[in-house]
>>> print(open('run.txt').read())   # compact mmCIF, C-alpha atoms
# COMPACT_ATOMS: atom_id res chain seq x y z
CA MET A 1 88.13 73.95 103.31
CA ALA A 2 84.83 75.85 103.35
CA SER A 3 82.06 74.88 105.71
CA ASP A 4 79.41 73.71 103.21
CA TYR A 5 80.61 70.10 103.11
CA THR A 6 83.33 70.72 100.58
CA PHE A 7 85.42 67.64 99.94
CA GLY A 8 88.85 66.56 98.78
CA ILE A 9 90.27 63.23 97.63
CA GLU A 10 93.70 61.72 98.21
CA GLU A 11 94.85 58.82 96.04
CA GLU A 12 97.81 56.51 96.59
CA PHE A 13 99.49 54.70 93.70
CA PHE A 14 102.15 52.06 93.14
CA VAL A 15 104.98 53.12 90.84
CA VAL A 16 106.00 50.13 88.72
CA ASP A 17 108.62 49.31 86.12
CA ALA A 18 107.02 49.50 82.66
CA ALA A 19 108.76 46.35 81.46
CA THR A 20 108.35 44.01 84.42
CA MET A 21 105.27 45.66 86.01
CA ASN A 22 106.92 45.05 89.38
CA SER A 23 107.11 47.84 91.96
CA VAL A 24 110.16 50.06 91.70
CA ARG A 25 112.63 49.71 94.54
CA THR A 26 114.15 53.18 94.36
CA LEU A 27 112.34 56.28 93.18
CA PRO A 28 114.73 58.83 91.59
CA PRO A 29 114.75 62.19 93.43
CA GLN A 30 113.96 63.92 90.14
CA PHE A 31 110.64 62.08 89.93
CA LEU A 32 108.93 64.15 92.63
CA THR A 33 110.61 67.32 91.36
CA ARG A 34 109.18 66.86 87.88
CA CYS A 35 105.75 65.96 89.25
CA ARG A 36 105.70 69.14 91.31
CA ASP A 37 106.97 71.23 88.42
CA ARG A 38 103.80 70.19 86.64
CA LEU A 39 101.27 69.76 89.47
CA GLY A 40 102.63 71.69 92.44
CA ASP A 41 102.35 70.36 95.97
CA ARG A 42 99.35 68.21 95.05
CA VAL A 43 101.85 65.34 94.70
CA SER A 44 103.82 63.90 97.63
CA LEU A 45 105.96 60.92 98.54
CA GLU A 46 104.81 58.00 100.68
CA LEU A 47 106.42 55.77 103.30
CA LEU A 48 107.78 53.34 100.69
CA GLN A 49 109.66 54.49 97.61
CA SER A 50 107.39 52.41 95.38
CA GLN A 51 104.41 54.64 96.20
CA ILE A 52 103.25 58.17 95.41
CA GLU A 53 100.22 60.18 96.57
CA THR A 54 98.11 62.91 95.00
CA GLN A 55 95.72 65.31 96.72
CA THR A 56 92.98 67.40 95.16
CA VAL A 57 92.04 70.90 96.22
CA PRO A 58 88.68 71.30 98.01
CA HIS A 59 85.67 70.87 95.73
CA ARG A 60 81.93 71.45 95.78
CA HIS A 61 81.06 69.58 92.58
CA ALA A 62 81.68 65.98 91.58
CA ALA A 63 82.53 66.87 87.98
CA ASP A 64 85.29 69.24 89.09
CA ALA A 65 86.77 66.62 91.40
CA LEU A 66 86.74 64.01 88.65
CA ALA A 67 88.45 66.39 86.24
CA GLU A 68 91.19 67.09 88.78
CA LEU A 69 91.72 63.40 89.57
CA LYS A 70 92.19 62.73 85.87
CA GLU A 71 94.55 65.70 85.56
CA LEU A 72 96.64 64.41 88.47
CA ARG A 73 96.76 60.87 87.12
CA ASP A 74 97.66 62.07 83.65
CA GLY A 75 100.34 64.40 84.98
CA VAL A 76 102.04 61.88 87.26
CA GLY A 77 101.58 59.22 84.59
CA ASP A 78 103.36 61.36 81.99
CA VAL A 79 106.26 61.93 84.37
CA ALA A 80 106.37 58.21 85.10
CA ASP A 81 106.56 57.43 81.38
CA GLY A 82 109.69 59.56 81.15
CA PHE A 83 111.41 57.31 83.70
CA GLY A 84 110.18 54.04 82.20
CA PHE A 85 107.56 53.67 84.94
CA ARG A 86 103.79 53.20 85.12
CA LEU A 87 101.17 53.88 87.80
CA ILE A 88 98.88 51.29 89.36
CA ALA A 89 95.86 52.21 91.48
CA ALA A 90 94.93 49.18 93.62
CA GLY A 91 94.85 48.30 97.29
CA THR A 92 97.68 45.82 96.81
CA HIS A 93 100.09 45.12 93.97
CA PRO A 94 99.36 41.71 92.39
CA PHE A 95 102.83 40.25 92.91
CA ALA A 96 105.30 42.77 94.41
CA GLU A 97 107.20 41.42 97.43
CA TRP A 98 107.26 43.50 100.59
CA GLN A 99 110.77 42.19 101.42
CA ALA A 100 112.14 44.10 98.41
CA GLN A 101 110.84 47.52 99.49
CA ARG A 102 112.85 50.51 100.66
CA HIS A 103 111.48 53.36 102.74
CA THR A 104 111.62 57.01 101.72
CA GLU A 105 114.55 58.88 103.25
CA ARG A 106 112.73 61.60 105.14
CA ALA A 107 112.71 62.37 108.88
CA ARG A 108 109.06 61.43 109.39
CA TYR A 109 109.39 58.16 107.54
CA ARG A 110 112.60 57.24 109.35
CA MET A 111 110.71 57.76 112.62
CA VAL A 112 107.80 55.62 111.42
CA MET A 113 110.08 52.84 110.21
CA ASN A 114 112.04 52.87 113.46
CA ASP A 115 108.78 52.36 115.32
CA LEU A 116 107.12 49.85 112.98
CA GLN A 117 110.23 47.84 112.05
CA MET A 118 109.31 45.01 109.65
CA LEU A 119 105.66 46.06 109.61
CA GLY A 120 106.64 49.25 107.82
CA TYR A 121 107.96 47.30 104.84
CA ARG A 122 104.83 45.16 104.87
CA ASN A 123 102.77 48.33 104.47
CA LEU A 124 102.82 47.81 100.69
CA LEU A 125 99.26 49.08 100.48
CA CYS A 126 97.37 51.91 98.76
CA GLY A 127 94.09 53.56 99.70
CA THR A 128 91.63 56.26 98.70
CA HIS A 129 91.04 58.90 101.37
CA VAL A 130 88.10 61.33 101.33
CA HIS A 131 87.97 64.54 103.37
CA VAL A 132 84.64 66.28 104.08
CA ALA A 133 84.53 69.68 105.82
CA LEU A 134 81.91 70.29 108.48
CA PRO A 135 80.28 73.61 109.41
CA ASP A 136 81.34 72.92 113.01
CA PRO A 137 84.63 70.98 113.15
CA GLU A 138 84.06 70.30 116.86
CA ARG A 139 81.37 67.80 115.84
CA ARG A 140 83.79 65.57 113.94
CA VAL A 141 84.41 63.08 116.75
CA ALA A 142 80.70 62.55 117.37
CA LEU A 143 80.07 62.08 113.66
CA MET A 144 83.07 59.75 113.37
CA THR A 145 81.46 57.46 115.93
CA ARG A 146 78.00 57.64 114.38
CA ALA A 147 79.43 56.93 110.90
CA MET A 148 81.18 53.77 112.09
CA PRO A 149 78.44 51.21 111.24
CA PHE A 150 78.41 52.42 107.62
CA LEU A 151 82.15 52.14 107.05
CA PRO A 152 82.23 48.52 105.76
CA LEU A 153 79.92 49.54 102.90
CA PHE A 154 82.59 51.94 101.60
CA LEU A 155 85.08 49.09 101.63
CA ALA A 156 82.63 46.96 99.63
CA LEU A 157 82.40 49.66 96.98
CA SER A 158 86.19 49.94 96.64
CA THR A 159 87.61 46.41 96.87
CA SER A 160 90.77 46.24 94.76
CA SER A 161 93.21 44.00 96.64
CA PRO A 162 92.52 40.32 95.91
CA PHE A 163 96.22 39.45 95.52
CA TRP A 164 99.16 39.67 97.90
CA CYS A 165 102.78 38.88 97.05
CA GLY A 166 101.80 36.80 94.03
CA LYS A 167 99.06 34.82 95.78
CA SER A 168 95.30 34.86 95.29
CA THR A 169 94.15 35.57 98.84
CA GLY A 170 90.57 34.35 98.54
CA LEU A 171 89.50 37.85 99.64
CA LEU A 172 88.30 40.75 97.55
CA SER A 173 90.09 43.14 99.89
CA TYR A 174 93.27 41.88 101.54
CA ARG A 175 94.53 45.40 102.27
CA PRO A 176 92.70 45.81 105.63
CA ALA A 177 94.13 42.51 106.88
CA ALA A 178 97.67 43.68 106.20
CA TYR A 179 97.00 47.21 107.46
CA ASP A 180 95.64 45.88 110.75
CA GLU A 181 99.17 44.76 111.60
CA LEU A 182 99.97 48.40 112.30
CA PRO A 183 99.01 50.12 115.56
CA ARG A 184 96.18 52.66 115.67
CA THR A 185 94.43 51.27 112.58
CA GLY A 186 91.04 49.64 111.98
CA LEU A 187 87.85 50.98 113.52
CA PRO A 188 88.29 53.82 116.01
CA PRO A 189 87.36 53.41 119.67
CA VAL A 190 83.88 54.48 120.74
CA PHE A 191 84.47 57.95 122.17
CA ALA A 192 81.73 59.69 124.13
CA GLY A 193 82.67 62.95 122.44
CA ASP A 194 85.41 65.39 121.56
CA GLU A 195 86.59 65.60 125.18
CA ASP A 196 87.25 61.85 125.29
CA TYR A 197 89.13 61.96 122.00
CA ARG A 198 91.26 64.87 123.20
CA ALA A 199 92.06 63.02 126.43
CA TYR A 200 93.18 60.01 124.38
CA LEU A 201 95.27 62.12 122.01
CA ASP A 202 96.85 64.07 124.88
CA SER A 203 97.77 60.81 126.60
CA MET A 204 99.40 59.43 123.46
CA THR A 205 101.46 62.55 122.84
CA ALA A 206 102.36 63.23 126.47
CA GLY A 207 103.40 59.62 126.88
CA GLY A 208 105.75 59.92 123.91
CA VAL A 209 103.90 57.27 121.89
CA ILE A 210 103.16 59.55 118.93
CA PRO A 211 104.18 63.12 118.15
CA ASP A 212 100.77 64.23 116.85
CA ALA A 213 97.38 63.11 115.54
CA SER A 214 98.71 62.36 112.05
CA TYR A 215 100.10 59.10 113.46
CA ILE A 216 96.56 57.84 114.11
CA TRP A 217 95.55 55.78 111.10
CA TRP A 218 92.00 54.61 111.84
CA SER A 219 89.50 53.81 109.09
CA ILE A 220 87.96 57.22 109.80
CA ARG A 221 89.49 60.08 111.75
CA PRO A 222 89.38 63.83 112.34
CA SER A 223 92.06 65.29 110.09
CA MET A 224 94.87 67.15 111.81
CA ALA A 225 95.72 69.28 108.77
CA HIS A 226 92.15 70.27 107.80
CA PRO A 227 88.79 70.87 109.57
CA THR A 228 87.53 67.67 107.97
CA LEU A 229 86.37 64.17 108.75
CA GLU A 230 88.57 61.79 106.78
CA LEU A 231 87.37 58.44 105.38
CA ARG A 232 90.30 56.01 105.14
CA ILE A 233 88.74 52.54 104.87
CA ALA A 234 88.53 52.43 101.06
CA ASP A 235 91.00 50.53 98.91
CA ALA A 236 92.68 52.56 96.18
CA CYS A 237 90.17 52.90 93.34
CA THR A 238 91.52 51.77 89.99
CA VAL A 239 89.33 54.21 88.06
CA PRO A 240 88.75 57.79 89.23
CA GLU A 241 84.99 57.59 88.69
CA ASP A 242 84.76 55.09 91.56
CA ALA A 243 86.76 57.36 93.85
CA VAL A 244 84.39 60.27 93.15
CA ALA A 245 81.32 58.07 93.63
CA ILE A 246 82.58 56.96 97.04
CA ALA A 247 83.43 60.55 97.94
CA MET A 248 79.93 61.69 97.04
CA LEU A 249 78.34 58.96 99.15
CA PHE A 250 80.54 59.79 102.13
CA ARG A 251 79.85 63.49 101.74
CA ALA A 252 76.10 62.87 101.73
CA LEU A 253 76.42 60.59 104.77
CA VAL A 254 78.34 63.23 106.73
CA ALA A 255 75.77 65.89 105.81
CA ARG A 256 72.88 63.62 106.89
CA LEU A 257 74.51 62.68 110.18
CA ASP A 258 75.30 66.33 110.83
CA ARG A 259 71.73 67.57 110.31
CA ASP A 260 69.81 64.56 111.66
CA PRO A 261 70.82 63.35 115.16
CA ASP A 262 68.46 60.38 114.84
CA PHE A 263 69.94 58.95 111.65
CA GLY A 264 71.71 55.63 112.05
CA VAL A 265 72.03 53.45 115.11
CA PRO A 266 73.55 54.41 118.48
CA VAL A 267 77.09 53.05 118.59
CA ASP A 268 78.15 51.06 121.62
CA ALA A 269 80.49 48.12 122.18
CA VAL A 270 78.01 45.69 120.62
CA VAL A 271 77.49 47.76 117.46
CA ARG A 272 81.22 48.28 117.11
CA ALA A 273 81.77 44.50 117.37
CA ILE A 274 79.07 43.89 114.75
CA THR A 275 80.70 46.48 112.49
CA GLU A 276 84.05 44.74 112.88
CA GLU A 277 82.51 41.44 111.81
CA ASN A 278 80.76 43.15 108.90
CA ARG A 279 84.08 44.56 107.75
CA TRP A 280 85.54 41.04 107.72
CA ARG A 281 82.58 39.60 105.80
CA ILE A 282 83.05 42.35 103.20
CA GLN A 283 86.81 41.79 102.98
CA ARG A 284 85.91 38.24 102.00
CA GLY A 285 82.85 38.68 99.79
CA GLY A 286 82.70 42.35 98.83
CA LEU A 287 79.42 43.44 97.27
CA ASP A 288 78.07 39.89 97.48
CA ALA A 289 78.67 39.46 101.20
CA ARG A 290 75.96 38.90 103.78
CA ILE A 291 76.37 41.03 106.89
CA VAL A 292 74.46 41.75 110.10
CA ASP A 293 72.16 44.77 110.13
CA PRO A 294 73.39 46.75 113.17
CA ALA A 295 69.86 48.04 113.81
CA SER A 296 67.70 44.92 113.43
CA ARG A 297 70.47 42.38 114.19
CA THR A 298 69.24 40.31 111.22
CA PRO A 299 71.07 39.14 108.05
CA LEU A 300 71.42 41.75 105.33
CA LEU A 301 72.87 41.59 101.82
CA VAL A 302 75.51 44.23 101.18
CA ARG A 303 74.02 45.29 97.87
CA LEU A 304 70.67 45.88 99.56
CA ALA A 305 72.32 47.80 102.40
CA ILE A 306 74.07 50.09 99.88
CA ARG A 307 70.87 50.66 97.89
CA ARG A 308 69.01 51.56 101.08
CA LEU A 309 71.75 53.97 102.09
CA VAL A 310 71.70 55.66 98.69
CA LYS A 311 67.94 56.09 98.95
CA ASP A 312 68.21 57.48 102.48
CA LEU A 313 70.93 59.94 101.48
CA MET A 314 69.39 61.14 98.22
CA PRO A 315 67.75 64.24 99.78
CA ASP A 316 71.09 65.32 101.24
CA ALA A 317 72.94 64.63 98.00
CA ARG A 318 70.40 66.88 96.30
CA ARG A 319 70.63 69.52 99.04
CA ILE A 320 74.42 69.91 98.93
CA GLY A 321 74.99 69.02 95.28
CA ARG A 322 72.96 67.03 92.79
CA ALA A 323 70.95 63.84 93.05
CA GLU A 324 72.99 62.53 90.11
CA ASP A 325 76.09 62.63 92.29
CA LEU A 326 75.15 59.20 93.64
CA ASP A 327 74.71 57.62 90.20
CA GLY A 328 78.28 56.37 90.40
CA ILE A 329 77.31 54.04 93.23
CA LYS A 330 74.77 52.33 90.99
CA ALA A 331 77.50 51.93 88.35
CA ILE A 332 79.74 50.15 90.86
CA LEU A 333 76.88 47.84 91.85
CA ASP A 334 76.22 47.08 88.17
CA PHE A 335 79.79 46.69 86.92
CA GLY A 336 81.60 45.42 90.00
CA THR A 337 84.81 46.68 91.55
CA SER A 338 88.43 46.48 90.50
CA ALA A 339 88.82 43.25 92.48
CA HIS A 340 86.15 41.59 90.35
CA ARG A 341 87.91 42.61 87.16
CA GLN A 342 91.36 41.62 88.39
CA LEU A 343 90.09 38.15 89.24
CA GLU A 344 88.38 37.93 85.86
CA VAL A 345 91.61 38.84 84.05
CA PHE A 346 93.56 36.36 86.16
CA GLY A 347 91.00 33.58 85.66
CA ASN A 348 90.85 34.09 81.91
CA ALA A 349 94.64 33.94 81.67
CA ARG A 350 94.80 30.73 83.67
CA GLU A 351 92.07 29.16 81.55
CA ALA A 352 94.22 30.03 78.52
CA ASP A 353 97.01 27.89 80.07
CA GLN A 354 99.15 30.83 81.08
CA THR A 355 101.34 30.35 84.12
CA ARG A 356 100.47 32.01 87.41
CA GLU A 357 103.28 34.52 86.84
CA GLU A 358 102.00 35.34 83.35
CA ALA A 359 98.45 35.71 84.64
CA LEU A 360 99.55 38.07 87.42
CA TYR A 361 101.53 40.11 84.87
CA ARG A 362 98.33 40.44 82.85
CA VAL A 363 96.50 41.67 85.95
CA ALA A 364 99.18 44.30 86.61
CA THR A 365 99.09 45.36 82.96
CA TRP A 366 95.33 45.75 83.06
CA LEU A 367 95.60 47.79 86.27
CA ALA A 368 98.15 50.15 84.74
CA ARG A 369 95.98 50.70 81.67
CA ALA A 370 92.79 51.22 83.66
CA THR A 371 94.50 53.61 86.07
CA ILE A 372 95.16 56.10 83.27
CA GLY A 373 91.83 55.51 81.54
CA VAL A 374 92.60 52.76 79.03
CA GLY A 375 90.51 49.63 79.29
CA GLY A 376 88.06 50.78 81.95
CA ILE A 377 86.55 48.74 84.73
CA ALA A 378 83.91 47.06 82.62
CA THR A 379 81.90 47.25 79.43
CA ALA A 380 79.11 45.00 80.66
CA PRO A 381 77.60 44.33 84.08
CA MET A 382 79.72 42.10 86.28
CA PRO A 383 77.88 38.90 87.29
CA HIS A 384 77.40 38.46 91.02
CA ALA A 385 79.98 36.34 92.84
CA ALA A 386 82.38 36.55 89.88
CA VAL A 387 85.29 35.54 92.08
CA MET A 388 87.91 33.18 90.68
CA HIS A 389 90.84 31.68 92.53
>>> encode(input="run.txt", output="structure tokens")
Amino acid sequence: MASDYTFGIEEEFFVVDAATMNSVRTLPPQFLTRCRDRLGDRVSLELLQSQIETQTVPHRHAADALAELKELRDGVGDVADGFGFRLIAAGTHPFAEWQAQRHTERARYRMVMNDLQMLGYRNLLCGTHVHVALPDPERRVALMTRAMPFLPLFLALSTSSPFWCGKSTGLLSYRPAAYDELPRTGLPPVFAGDEDYRAYLDSMTAGGVIPDASYIWWSIRPSMAHPTLELRIADACTVPEDAVAIAMLFRALVARLDRDPDFGVPVDAVVRAITEENRWRIQRGGLDARIVDPASRTPLLVRLAIRRLVKDLMPDARRIGRAEDLDGIKAILDFGTSAHRQLEVFGNAREADQTREEALYRVATWLARATIGVGGIATAPMPHAAVMH
């Protein structure tokens, strides 16, 4: 990636049976072959056979990234249609059972499954990952630490996992709770700098714990494959516009942190603990949660925190792109996230006397349609606290 804060987006999807809307158990080998015939190596397999991942090329402009995300979704979706499958972009599948999953037969995934055991099959989760290139990649660890207090806000903007194994969890984002079962996940440690991070990584590899840095799965990390800082806290975004909006906000945040050493709050053990609590509050309440301001140590509404951040980052969004690049954040605040809509679909179905199974099927059907651009997230603003159980 170039050094002027270029960015790329990775999206993970569930592959589901078009008739039952349940996750597929075995993905035919020809599926990936046909995807790559059409889209090249921008498509790859995941740990579980019921998942697939796409990766964009580096971009400088939001419109180009959105066009590529749609191209990738359309391409993989067309291939899926040929096998009687559909794609679902969400942090969790509404009713798929982790016990029914099979892992992908590749050397890396066999190693991961041997290490994780049952937890590997429980990793029935999908996320949106955003890479941002820095002019000086050696600054990534310092910026990773300084970005930490802002991370829960990106989760709030992406919540799409209110269901788990057929149950309404009471959370807008259950995915982080399940992902935290795995080692080397969640918020990263507070490193003093690149030297500390290298000492940690060297210890892990020399001790035979992990073969390389790609086995570190924190909510934010320096990428091993690219000179980028990688945001990993976001749930999979059901519509591509939300993924691009989140990418643009993260890009502007990285640029601001990089140019302004005084932006944000110094991160120590206390701030990290506050950030951890804020992440939990947002898992539960999403955009309508009340968190603790890491700077003032006073209560703060998430919506207000996001609006303040957008205002603070507007000059940098304008400097490296366009001010309009952050308009997508306002749309998420107005219309709500995928989790809001899933719960609305589920609640409406239950009010119409449909069974829980029928209501969950309706949620999965809506997700599949919205993932490929049919049905959208919303046509009118989502009321606050529109959470139904």
>>> residues_near_point(input="run.txt", point="(85.9, 66.5, 98.5)", cutoff="7 Å", atoms="only C-alpha atoms", output="list of chain:residue names")
A:Thr6, A:Phe7, A:Gly8, A:Ile9, A:Pro58, A:His59, A:Arg60, A:Val130, A:His131, A:Val132, A:Ala247
>>> closest_residue(input="run.txt", among="A:Arg232, A:Arg251, A:Arg25, A:Arg73", to="Asp316 of chain A", atoms="all atoms listed in the file")
A:Arg251
>>> closest_residue(input="run.txt", among="A:Arg256, A:Lys167, A:Arg175, A:Arg369", to="Leu343 of chain A", atoms="all atoms listed in the file")
A:Lys167
>>> closest_residue(input="run.txt", among="A:His226, A:Arg279, A:Phe250, A:Phe191", to="Val57 of chain A", atoms="all atoms listed in the file")
A:His226
>>> residues_around(input="run.txt", residues="Met248 of chain A", least_positions_apart="3", cutoff="12 Å", atoms="only C-alpha atoms", output="compact mmCIF listing (two decimals) with C-alpha atoms, in the frame of the given file")
# COMPACT_ATOMS: atom_id res chain seq x y z
CA TYR A 5 80.61 70.10 103.11
CA THR A 6 83.33 70.72 100.58
CA PHE A 7 85.42 67.64 99.94
CA GLY A 8 88.85 66.56 98.78
CA ILE A 9 90.27 63.23 97.63
CA HIS A 59 85.67 70.87 95.73
CA ARG A 60 81.93 71.45 95.78
CA HIS A 61 81.06 69.58 92.58
CA ALA A 62 81.68 65.98 91.58
CA ALA A 63 82.53 66.87 87.98
CA ALA A 65 86.77 66.62 91.40
CA LEU A 66 86.74 64.01 88.65
CA VAL A 130 88.10 61.33 101.33
CA HIS A 131 87.97 64.54 103.37
CA VAL A 132 84.64 66.28 104.08
CA PHE A 154 82.59 51.94 101.60
CA LEU A 231 87.37 58.44 105.38
CA GLU A 241 84.99 57.59 88.69
CA ASP A 242 84.76 55.09 91.56
CA ALA A 243 86.76 57.36 93.85
CA VAL A 244 84.39 60.27 93.15
CA ALA A 245 81.32 58.07 93.63
CA ARG A 251 79.85 63.49 101.74
CA ALA A 252 76.10 62.87 101.73
CA LEU A 253 76.42 60.59 104.77
CA VAL A 254 78.34 63.23 106.73
CA ALA A 255 75.77 65.89 105.81
CA VAL A 310 71.70 55.66 98.69
CA LEU A 313 70.93 59.94 101.48
CA MET A 314 69.39 61.14 98.22
CA ASP A 316 71.09 65.32 101.24
CA ALA A 317 72.94 64.63 98.00
CA ARG A 318 70.40 66.88 96.30
CA ILE A 320 74.42 69.91 98.93
CA GLY A 321 74.99 69.02 95.28
CA ARG A 322 72.96 67.03 92.79
CA ALA A 323 70.95 63.84 93.05
CA GLU A 324 72.99 62.53 90.11
CA ASP A 325 76.09 62.63 92.29
CA LEU A 326 75.15 59.20 93.64
CA ASP A 327 74.71 57.62 90.20
CA GLY A 328 78.28 56.37 90.40
CA ILE A 329 77.31 54.04 93.23
>>> atom_distance(input="run.txt", atom1="atom CA of Ala269 of chain A", atom2="atom CA of Thr128 of chain A")
27.2 Å
>>> atom_distance(input="run.txt", atom1="atom CA of Thr205 of chain A", atom2="atom CA of Glu276 of chain A")
26.8 Å
>>> atom_distance(input="run.txt", atom1="atom CA of Ser223 of chain A", atom2="atom CA of Arg284 of chain A")
28.9 Å
>>> residues_around(input="run.txt", residues="Arg106 of chain A", least_positions_apart="4", cutoff="9 Å", atoms="all atoms listed in the file", output="PyMOL selection string")
chain A and resi 47+110-111
